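**Student:** Provided below: work-v1.cif, containing mmCIF, C-alpha atoms.
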```
data_start
#
loop_
_atom_site.label_atom_id
_atom_site.label_comp_id
_atom_site.auth_asym_id
_atom_site.auth_seq_id
_atom_site.Cartn_x
_atom_site.Cartn_y
_atom_site.Cartn_z
CA MET A 1 103.25 65.92 -217.69
CA ASP A 2 105.06 63.51 -215.43
CA PRO A 3 104.37 59.76 -215.94
CA THR A 4 101.63 59.64 -213.30
CA GLU A 5 99.82 62.66 -214.74
CA ARG A 6 99.99 61.21 -218.24
CA TYR A 7 98.64 57.85 -217.06
CA THR A 8 95.80 59.53 -215.15
CA ALA A 9 94.88 61.59 -218.22
CA ALA A 10 94.72 58.39 -220.26
CA ALA A 11 92.56 56.81 -217.55
CA VAL A 12 90.08 59.70 -217.62
CA ALA A 13 89.96 59.49 -221.42
CA ALA A 14 89.11 55.79 -221.14
CA SER A 15 86.24 56.59 -218.78
CA ALA A 16 84.96 59.20 -221.23
CA VAL A 17 84.81 56.53 -223.94
CA VAL A 18 82.72 54.33 -221.64
CA ILE A 19 80.26 57.13 -220.94
CA ARG A 20 79.88 58.06 -224.62
CA GLN A 21 79.17 54.43 -225.48
CA TYR A 22 76.40 54.00 -222.93
CA SER A 23 74.82 57.37 -222.13
CA THR A 24 74.48 60.29 -224.51
CA SER A 25 72.58 62.22 -221.83
CA PHE A 26 75.36 62.13 -219.24
CA SER A 27 77.99 62.62 -221.91
CA MET A 28 76.24 65.82 -223.04
CA ALA A 29 75.74 67.10 -219.50
CA SER A 30 79.30 66.30 -218.41
CA ARG A 31 80.74 68.28 -221.32
CA MET A 32 79.03 71.36 -219.87
CA MET A 33 81.01 71.05 -216.66
CA PRO A 34 84.00 73.35 -216.06
CA ARG A 35 87.44 71.96 -216.74
CA ARG A 36 88.24 71.63 -213.03
CA VAL A 37 85.27 69.28 -212.51
CA ARG A 38 84.74 67.46 -215.81
CA PRO A 39 87.46 64.78 -215.36
CA HIS A 40 86.10 63.88 -211.93
CA ILE A 41 82.48 63.53 -213.09
CA THR A 42 83.68 61.47 -216.04
CA SER A 43 85.68 59.21 -213.72
CA ILE A 44 82.80 58.70 -211.30
CA TYR A 45 80.31 57.73 -213.99
CA GLY A 46 82.85 55.56 -215.78
CA LEU A 47 83.18 53.24 -212.79
CA VAL A 48 79.45 53.36 -212.07
CA ARG A 49 78.73 52.25 -215.63
CA VAL A 50 81.22 49.38 -215.51
CA ALA A 51 79.64 48.08 -212.30
CA ASP A 52 76.18 48.42 -213.87
CA GLU A 53 77.25 46.38 -216.87
CA VAL A 54 78.71 43.63 -214.68
CA VAL A 55 75.32 43.08 -213.01
CA ASP A 56 73.16 43.82 -216.07
CA GLY A 57 74.41 41.04 -218.30
CA ALA A 58 77.70 42.04 -219.93
CA CYS A 59 79.49 39.54 -217.68
CA ALA A 60 78.18 36.08 -218.58
CA VAL A 61 80.34 34.05 -216.17
CA ASP A 62 80.34 34.56 -212.39
CA PRO A 63 79.34 38.23 -212.25
CA ARG A 64 79.50 38.23 -208.44
CA ALA A 65 83.18 37.33 -208.47
CA HIS A 66 83.85 40.05 -211.04
CA LEU A 67 81.89 42.61 -209.01
CA ASP A 68 83.74 41.62 -205.84
CA GLY A 69 87.01 41.93 -207.73
CA LEU A 70 86.03 45.35 -209.02
CA GLU A 71 85.25 46.56 -205.52
CA SER A 72 88.52 45.17 -204.16
CA ALA A 73 90.49 46.77 -206.99
CA THR A 74 88.72 50.07 -206.37
CA GLU A 75 89.48 50.09 -202.65
CA ARG A 76 93.08 49.10 -203.27
CA ALA A 77 93.51 51.91 -205.79
CA MET A 78 91.88 54.39 -203.42
CA GLN A 79 94.55 53.43 -200.87
CA THR A 80 97.56 53.34 -203.19
CA GLY A 81 96.65 55.85 -205.90
CA PHE A 82 97.20 53.45 -208.79
CA SER A 83 95.48 50.69 -210.74
CA THR A 84 96.30 48.88 -213.96
CA ASP A 85 92.56 49.11 -214.73
CA LEU A 86 92.18 52.54 -216.32
CA VAL A 87 88.57 53.13 -215.22
CA VAL A 88 89.39 52.11 -211.66
CA HIS A 89 92.50 54.32 -211.66
CA ALA A 90 90.53 57.36 -212.84
CA PHE A 91 87.87 56.82 -210.18
CA ALA A 92 90.41 56.31 -207.41
CA ASN A 93 92.24 59.47 -208.40
CA THR A 94 88.97 61.40 -208.12
CA ALA A 95 88.15 59.86 -204.74
CA ARG A 96 91.59 60.70 -203.34
CA THR A 97 91.61 64.20 -204.82
CA THR A 98 88.10 65.27 -203.84
CA GLY A 99 87.95 63.55 -200.47
CA PHE A 100 85.51 60.65 -200.41
CA GLY A 101 86.15 57.06 -199.48
CA THR A 102 84.54 53.73 -198.69
CA GLU A 103 81.69 55.46 -196.84
CA LEU A 104 80.31 56.05 -200.35
CA THR A 105 81.75 53.18 -202.39
CA ARG A 106 80.69 50.34 -200.09
CA PRO A 107 76.96 51.23 -200.15
CA PHE A 108 77.23 51.53 -203.93
CA PHE A 109 78.72 48.07 -204.38
CA ALA A 110 76.23 46.62 -201.88
CA SER A 111 73.36 47.84 -204.05
CA MET A 112 75.01 46.49 -207.18
CA ARG A 113 75.42 43.14 -205.43
CA ALA A 114 71.71 43.13 -204.55
CA ASP A 115 70.90 43.22 -208.27
CA LEU A 116 72.54 39.81 -208.70
CA THR A 117 69.93 38.12 -206.48
CA PRO A 118 66.74 40.00 -207.39
CA ALA A 119 63.80 39.82 -205.01
CA PRO A 120 60.71 42.02 -204.56
CA HIS A 121 61.60 45.10 -202.56
CA THR A 122 59.97 46.37 -199.41
CA ALA A 123 59.82 50.12 -198.88
CA GLU A 124 62.81 49.84 -196.55
CA SER A 125 64.95 47.70 -198.85
CA LEU A 126 64.13 49.91 -201.83
CA ALA A 127 65.20 53.03 -199.92
CA GLU A 128 68.47 51.30 -199.01
CA TYR A 129 68.97 50.24 -202.62
CA ILE A 130 68.34 53.77 -203.92
CA HIS A 131 70.78 55.18 -201.39
CA GLY A 132 73.55 52.86 -202.52
CA SER A 133 72.87 52.90 -206.23
CA ALA A 134 72.13 56.59 -206.70
CA GLU A 135 72.26 58.88 -203.67
CA VAL A 136 75.90 58.11 -202.94
CA VAL A 137 76.75 58.86 -206.58
CA GLY A 138 75.18 62.27 -206.09
CA LEU A 139 77.37 62.74 -203.03
CA MET A 140 80.49 61.72 -204.96
CA CYS A 141 79.65 64.33 -207.58
CA LEU A 142 79.03 66.92 -204.87
CA ARG A 143 82.55 66.35 -203.53
CA ALA A 144 83.85 67.03 -207.03
CA TYR A 145 81.75 70.18 -207.45
CA LEU A 146 82.97 71.65 -204.17
CA HIS A 147 86.62 70.57 -204.34
CA GLY A 148 88.97 73.52 -204.17
CA VAL A 149 86.08 75.98 -204.08
CA ALA A 150 83.74 75.45 -201.14
CA PRO A 151 84.36 72.06 -199.47
CA SER A 152 82.86 73.27 -196.19
CA ASP A 153 79.43 73.50 -197.90
CA TYR A 154 79.22 69.72 -198.29
CA GLU A 155 76.94 68.93 -195.34
CA ALA A 156 74.52 71.74 -196.20
CA LEU A 157 74.23 70.65 -199.83
CA ALA A 158 74.28 66.88 -199.29
CA PRO A 159 70.47 66.46 -198.92
CA ASP A 160 69.86 68.05 -202.33
CA ALA A 161 72.58 65.92 -203.94
CA ARG A 162 70.99 62.80 -202.51
CA ARG A 163 67.54 63.80 -203.75
CA LEU A 164 68.81 64.49 -207.24
CA GLY A 165 70.41 61.06 -207.38
CA ALA A 166 67.26 59.46 -206.01
CA GLY A 167 65.10 61.29 -208.54
CA PHE A 168 67.28 60.07 -211.39
CA GLN A 169 67.07 56.49 -210.16
CA LYS A 170 63.30 56.54 -209.70
CA VAL A 171 62.88 57.77 -213.27
CA ASN A 172 65.22 54.98 -214.40
CA PHE A 173 63.02 52.39 -212.67
CA LEU A 174 60.02 53.53 -214.71
CA ARG A 175 61.95 53.89 -217.96
CA ASP A 176 63.44 50.40 -217.69
CA LEU A 177 60.35 48.49 -216.50
CA THR A 178 60.27 45.97 -219.33
CA ASP A 179 63.99 45.21 -219.36
CA ASP A 180 64.21 44.96 -215.58
CA GLU A 181 61.22 42.66 -215.25
CA LEU A 182 61.47 40.44 -218.33
CA ARG A 183 65.21 40.16 -218.96
CA LEU A 184 66.72 40.70 -215.52
CA GLY A 185 63.91 39.42 -213.29
CA ARG A 186 63.95 42.50 -211.07
CA ALA A 187 60.94 44.12 -209.43
CA TYR A 188 61.96 47.46 -208.01
CA LEU A 189 58.29 48.48 -208.00
CA PRO A 190 56.32 45.25 -207.43
CA GLU A 191 52.57 45.02 -208.10
CA LEU A 192 52.69 48.17 -210.18
CA THR A 193 49.17 49.36 -211.02
CA ALA A 194 48.24 52.46 -212.99
CA GLN A 195 47.67 54.27 -209.70
CA ALA A 196 51.01 53.10 -208.28
CA TYR A 197 52.71 54.16 -211.53
CA ALA A 198 51.24 57.66 -211.19
CA GLU A 199 52.37 57.81 -207.56
CA ALA A 200 55.89 56.70 -208.53
CA LEU A 201 56.02 59.45 -211.16
CA ALA A 202 54.90 62.01 -208.58
CA ASP A 203 57.54 60.77 -206.13
CA ALA A 204 60.29 61.11 -208.74
CA ARG A 205 59.02 64.56 -209.72
CA SER A 206 59.08 65.69 -206.08
CA ASP A 207 62.71 64.60 -205.72
CA LEU A 208 63.75 66.36 -208.91
CA GLU A 209 61.90 69.57 -208.04
CA GLN A 210 63.35 69.68 -204.54
CA ALA A 211 66.85 68.98 -205.83
CA ARG A 212 66.60 71.58 -208.60
CA ARG A 213 65.96 74.27 -206.01
CA GLY A 214 69.35 73.45 -204.53
CA ILE A 215 71.25 73.87 -207.80
CA ASP A 216 71.47 77.64 -207.29
CA ARG A 217 73.45 76.98 -204.09
CA LEU A 218 76.19 75.10 -205.95
CA PRO A 219 79.32 76.84 -207.23
CA ARG A 220 78.26 78.93 -210.21
CA ASP A 221 80.55 77.17 -212.67
CA VAL A 222 78.82 73.78 -212.20
CA GLN A 223 75.22 74.97 -212.11
CA ARG A 224 74.76 74.83 -215.88
CA GLY A 225 75.84 71.19 -216.21
CA VAL A 226 73.84 69.98 -213.20
CA ARG A 227 70.75 71.85 -214.38
CA ALA A 228 71.11 70.33 -217.85
CA ALA A 229 71.25 66.81 -216.39
CA ALA A 230 68.19 67.52 -214.25
CA ASP A 231 66.31 68.95 -217.24
CA LEU A 232 67.07 65.85 -219.30
CA TYR A 233 65.44 63.72 -216.62
CA VAL A 234 62.46 66.05 -216.35
CA ALA A 235 62.00 65.68 -220.12
CA LEU A 236 62.07 61.89 -219.72
CA LEU A 237 59.60 62.14 -216.85
CA HIS A 238 57.18 64.07 -219.08
CA ARG A 239 57.35 61.31 -221.69
CA LEU A 240 56.75 58.62 -219.09
CA GLU A 241 53.70 60.53 -217.87
CA ALA A 242 52.37 60.82 -221.41
CA ALA A 243 52.98 57.13 -222.14
CA GLY A 244 51.24 55.82 -219.03
CA LEU A 245 51.88 52.40 -217.53
CA ASP A 246 50.87 50.50 -220.68
CA GLY A 247 53.21 52.59 -222.80
CA ALA A 248 56.09 52.14 -220.35
CA ARG A 249 55.55 48.37 -220.37
CA ALA A 250 55.43 48.31 -224.17
CA GLY A 251 59.06 49.37 -224.47
CA ARG A 252 61.72 51.69 -223.14
CA ILE A 253 60.69 55.34 -223.31
CA ARG A 254 63.41 57.58 -224.70
CA VAL A 255 64.03 61.27 -225.17
CA PRO A 256 64.88 61.94 -228.84
CA ALA A 257 68.20 63.60 -229.58
CA THR A 258 66.56 66.86 -230.62
CA ALA A 259 64.61 67.02 -227.35
CA LYS A 260 67.83 66.32 -225.44
CA LEU A 261 69.50 69.23 -227.16
CA LEU A 262 66.58 71.49 -226.25
CA ALA A 263 66.73 70.36 -222.63
CA VAL A 264 70.46 71.01 -222.50
CA ALA A 265 69.93 74.43 -224.07
CA ARG A 266 67.35 75.29 -221.41
CA GLY A 267 69.70 74.10 -218.68
CA SER A 268 72.49 76.30 -220.00
CA ARG A 269 70.54 79.52 -219.49
#
```
Could you take the file, read its structure, and then write that structure out as structure tokens?

**Tutor:**
Amino acid sequence: MDPTERYTAAAVAASAVVIRQYSTSFSMASRMMPRRVRPHITSIYGLVRVADEVVDGACAVDPRAHLDGLESATERAMQTGFSTDLVVHAFANTARTTGFGTELTRPFFASMRADLTPAPHTAESLAEYIHGSAEVVGLMCLRAYLHGVAPSDYEALAPDARRLGAGFQKVNFLRDLTDDELRLGRAYLPELTAQAYAEALADARSDLEQARRGIDRLPRDVQRGVRAAADLYVALLHRLEAAGLDGARAGRIRVPATAKLLAVARGSR
């Protein structure tokens, strides 16, 4: 390895540590990705997680300034190909290698910034938030899946990538109801009744089902990992349905480790 390659490898390894610390589900699914893709998915989710933690309470002093600084550092690294921040460097390397830019990162950071001044969402503002916080992440991953294999398929596959990201985020809203409302003061789904909860579950299920139909159109070597991630969220959706609104408000619904392993095993078939 030359010095740049060694540094980038260390940066990707740092992002992998971040993912393992915060999300066993994505860590499991990412390990099922082929070697050509795995570092890029790791790098994308590493930066996404750092930004999430800035706005979700890890940063006690002036989180807006830190988020703005993170975005500036990310854009600078995407231009220059280097950052002294390992997670930023890994992400920028992926962006430059796979071919996405600020058309995806700026909506993401805009949605993260919206979390710092929580207010009840309208249907329009929620759709914009979901696009920036989740759909663009799906599009970043799609660039990684197609890089060096079928980049010309991006436009045809983009709608499914967006729906998968949206489905993940809608499930997250329902999983995190108590923490979002009580600790963070956020109301992604204001005035949530039992009927509205059921409708939100159906909406998330529709996104996941539509997106899953597109998995077979992805390069064969990434289908297993993407399907495993989707199946993990379907398993969580089933538990949210069984718990109902009262159960979801009583505490965060989780998929036990054994059930995660079963979901991953199903996705690998």

**Student:** Would you kindly translate the PyMOL selection byres ((chain A and resi 67) around 10) into the concrete residues it picks from this file, as a count of residues only?

**Tutor:** 23

**Student:** Is it possible to get the residues within 7 Å of (88.7, 54.7, -205.6) (coordinates as in the file, counting only C-alpha atoms) written as an MDAnalysis selection string?

**Tutor:** chainID A and resid 74:75 77:78 88 91:93 95

**Student:** Any idea what's packed within 8 Å of Gly138 of chain A, counting all atoms listed in the file, ignoring anything in its chain fewer than 5 positions away? Could you give it as a ChimeraX atom specification?

**Tutor:** /A:161-162,164-165

**Student:** What gap, in Å, lies between atom CA of Glu124 of chain A and atom CA of Asp176 of chain A?

**Tutor:**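 It comes out at 21.2 Å.
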
**Student:** Neighbouring residues of segment 6-12 of chain A were defined as those with any atom within 6 Å, considering only C-alpha atoms; residues of the same chain fewer than 3 positions away were excluded. Please report them as a PyMOL selection string.

**Tutor:** chain A and resi 1+3+15+43+86-87+90

**Student:** Using atom CA of Ala187 of chain A and atom CA of Arg252 of chain A as the two end points, give the distance in Å to one decimal.

**Tutor:**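 These two atoms are separated by 15.7 Å.
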
**Student:** Starting from the shown file, work through the PyMOL selection byres ((chain A and resi 136) around 10) and note down what comes out as a list in words.

**Tutor:**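 Selected by the PyMOL selection byres ((chain A and resi 136) around 10) in this file: Glu103, Leu104, Thr105, Arg106, Pro107, Phe108, Ile130, His131, Gly132, Ser133, Ala134, Glu135, Val137, Gly138, Leu139, Met140, Cys141, Leu142, Ala158, Ala161, Arg162, Gly165 and Ala166 of chain A.
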
**Student:** With distances taken over only C-alpha atoms, which residue among A:Ala211, A:Leu245, A:Val222, A:Leu262 lies nearest Arg31 of chain A?

**Tutor:**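 Looking only at the distances to Arg31 of chain A, the closest residue turns out to be A:Val222.
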
**Student:** Which is closer to Tyr197 of chain A than all the others in A:Glu241, A:Arg163, A:Gln21, A:Leu218, using only C-alpha atoms?

**Tutor:** A:Glu241

**Student:** Could you rebuild segment 94-115 of chain A with N, CA and C atoms and give me the result as a PDB file, keeping the file's coordinate frame?

**Tutor:**
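Everything below was put into result-v7.pdb:
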```pdb
ATOM      1  N   THR A  94      90.010  60.439-208.498  1.00  0.00           N
ATOM      2  CA  THR A  94      88.970  61.400-208.120  1.00  0.00           C
ATOM      3  C   THR A  94      88.629  61.279-206.643  1.00  0.00           C
ATOM      4  N   ALA A  95      88.481  60.053-206.153  1.00  0.00           N
ATOM      5  CA  ALA A  95      88.150  59.860-204.740  1.00  0.00           C
ATOM      6  C   ALA A  95      89.232  60.461-203.844  1.00  0.00           C
ATOM      7  N   ARG A  96      90.489  60.197-204.158  1.00  0.00           N
ATOM      8  CA  ARG A  96      91.590  60.700-203.340  1.00  0.00           C
ATOM      9  C   ARG A  96      91.711  62.218-203.444  1.00  0.00           C
ATOM     10  N   THR A  97      91.459  62.753-204.620  1.00  0.00           N
ATOM     11  CA  THR A  97      91.610  64.200-204.820  1.00  0.00           C
ATOM     12  C   THR A  97      90.488  64.983-204.166  1.00  0.00           C
ATOM     13  N   THR A  98      89.257  64.499-204.302  1.00  0.00           N
ATOM     14  CA  THR A  98      88.100  65.270-203.840  1.00  0.00           C
ATOM     15  C   THR A  98      87.675  64.932-202.422  1.00  0.00           C
ATOM     16  N   GLY A  99      88.150  63.805-201.886  1.00  0.00           N
ATOM     17  CA  GLY A  99      87.950  63.550-200.470  1.00  0.00           C
ATOM     18  C   GLY A  99      86.807  62.654-200.070  1.00  0.00           C
ATOM     19  N   PHE A 100      86.478  61.650-200.889  1.00  0.00           N
ATOM     20  CA  PHE A 100      85.510  60.650-200.410  1.00  0.00           C
ATOM     21  C   PHE A 100      86.160  59.278-200.403  1.00  0.00           C
ATOM     22  N   GLY A 101      85.556  58.374-199.650  1.00  0.00           N
ATOM     23  CA  GLY A 101      86.150  57.060-199.480  1.00  0.00           C
ATOM     24  C   GLY A 101      85.124  55.952-199.465  1.00  0.00           C
ATOM     25  N   THR A 102      85.398  54.913-198.684  1.00  0.00           N
ATOM     26  CA  THR A 102      84.540  53.730-198.690  1.00  0.00           C
ATOM     27  C   THR A 102      83.173  53.994-198.061  1.00  0.00           C
ATOM     28  N   GLU A 103      83.016  55.128-197.367  1.00  0.00           N
ATOM     29  CA  GLU A 103      81.690  55.460-196.840  1.00  0.00           C
ATOM     30  C   GLU A 103      80.687  55.653-197.982  1.00  0.00           C
ATOM     31  N   LEU A 104      81.183  55.924-199.184  1.00  0.00           N
ATOM     32  CA  LEU A 104      80.310  56.050-200.350  1.00  0.00           C
ATOM     33  C   LEU A 104      80.428  54.858-201.291  1.00  0.00           C
ATOM     34  N   THR A 105      81.609  54.286-201.435  1.00  0.00           N
ATOM     35  CA  THR A 105      81.750  53.180-202.390  1.00  0.00           C
ATOM     36  C   THR A 105      81.150  51.881-201.875  1.00  0.00           C
ATOM     37  N   ARG A 106      81.226  51.610-200.588  1.00  0.00           N
ATOM     38  CA  ARG A 106      80.690  50.340-200.090  1.00  0.00           C
ATOM     39  C   ARG A 106      79.172  50.252-200.214  1.00  0.00           C
ATOM     40  N   PRO A 107      78.404  51.301-199.882  1.00  0.00           N
ATOM     41  CA  PRO A 107      76.960  51.230-200.150  1.00  0.00           C
ATOM     42  C   PRO A 107      76.655  51.058-201.643  1.00  0.00           C
ATOM     43  N   PHE A 108      77.454  51.681-202.489  1.00  0.00           N
ATOM     44  CA  PHE A 108      77.230  51.530-203.930  1.00  0.00           C
ATOM     45  C   PHE A 108      77.394  50.070-204.349  1.00  0.00           C
ATOM     46  N   PHE A 109      78.497  49.461-203.973  1.00  0.00           N
ATOM     47  CA  PHE A 109      78.720  48.070-204.380  1.00  0.00           C
ATOM     48  C   PHE A 109      77.721  47.123-203.714  1.00  0.00           C
ATOM     49  N   ALA A 110      77.249  47.448-202.521  1.00  0.00           N
ATOM     50  CA  ALA A 110      76.230  46.620-201.880  1.00  0.00           C
ATOM     51  C   ALA A 110      74.939  46.622-202.699  1.00  0.00           C
ATOM     52  N   SER A 111      74.559  47.779-203.216  1.00  0.00           N
ATOM     53  CA  SER A 111      73.360  47.840-204.050  1.00  0.00           C
ATOM     54  C   SER A 111      73.568  47.106-205.367  1.00  0.00           C
ATOM     55  N   MET A 112      74.740  47.236-205.960  1.00  0.00           N
ATOM     56  CA  MET A 112      75.010  46.490-207.180  1.00  0.00           C
ATOM     57  C   MET A 112      74.944  44.985-206.925  1.00  0.00           C
ATOM     58  N   ARG A 113      75.445  44.564-205.779  1.00  0.00           N
ATOM     59  CA  ARG A 113      75.420  43.140-205.430  1.00  0.00           C
ATOM     60  C   ARG A 113      73.977  42.652-205.260  1.00  0.00           C
ATOM     61  N   ALA A 114      73.114  43.509-204.731  1.00  0.00           N
ATOM     62  CA  ALA A 114      71.710  43.130-204.550  1.00  0.00           C
ATOM     63  C   ALA A 114      71.041  42.828-205.887  1.00  0.00           C
ATOM     64  N   ASP A 115      71.492  43.462-206.957  1.00  0.00           N
ATOM     65  CA  ASP A 115      70.900  43.220-208.270  1.00  0.00           C
ATOM     66  C   ASP A 115      71.201  41.821-208.798  1.00  0.00           C
TER      67      ASP A 115
END
```
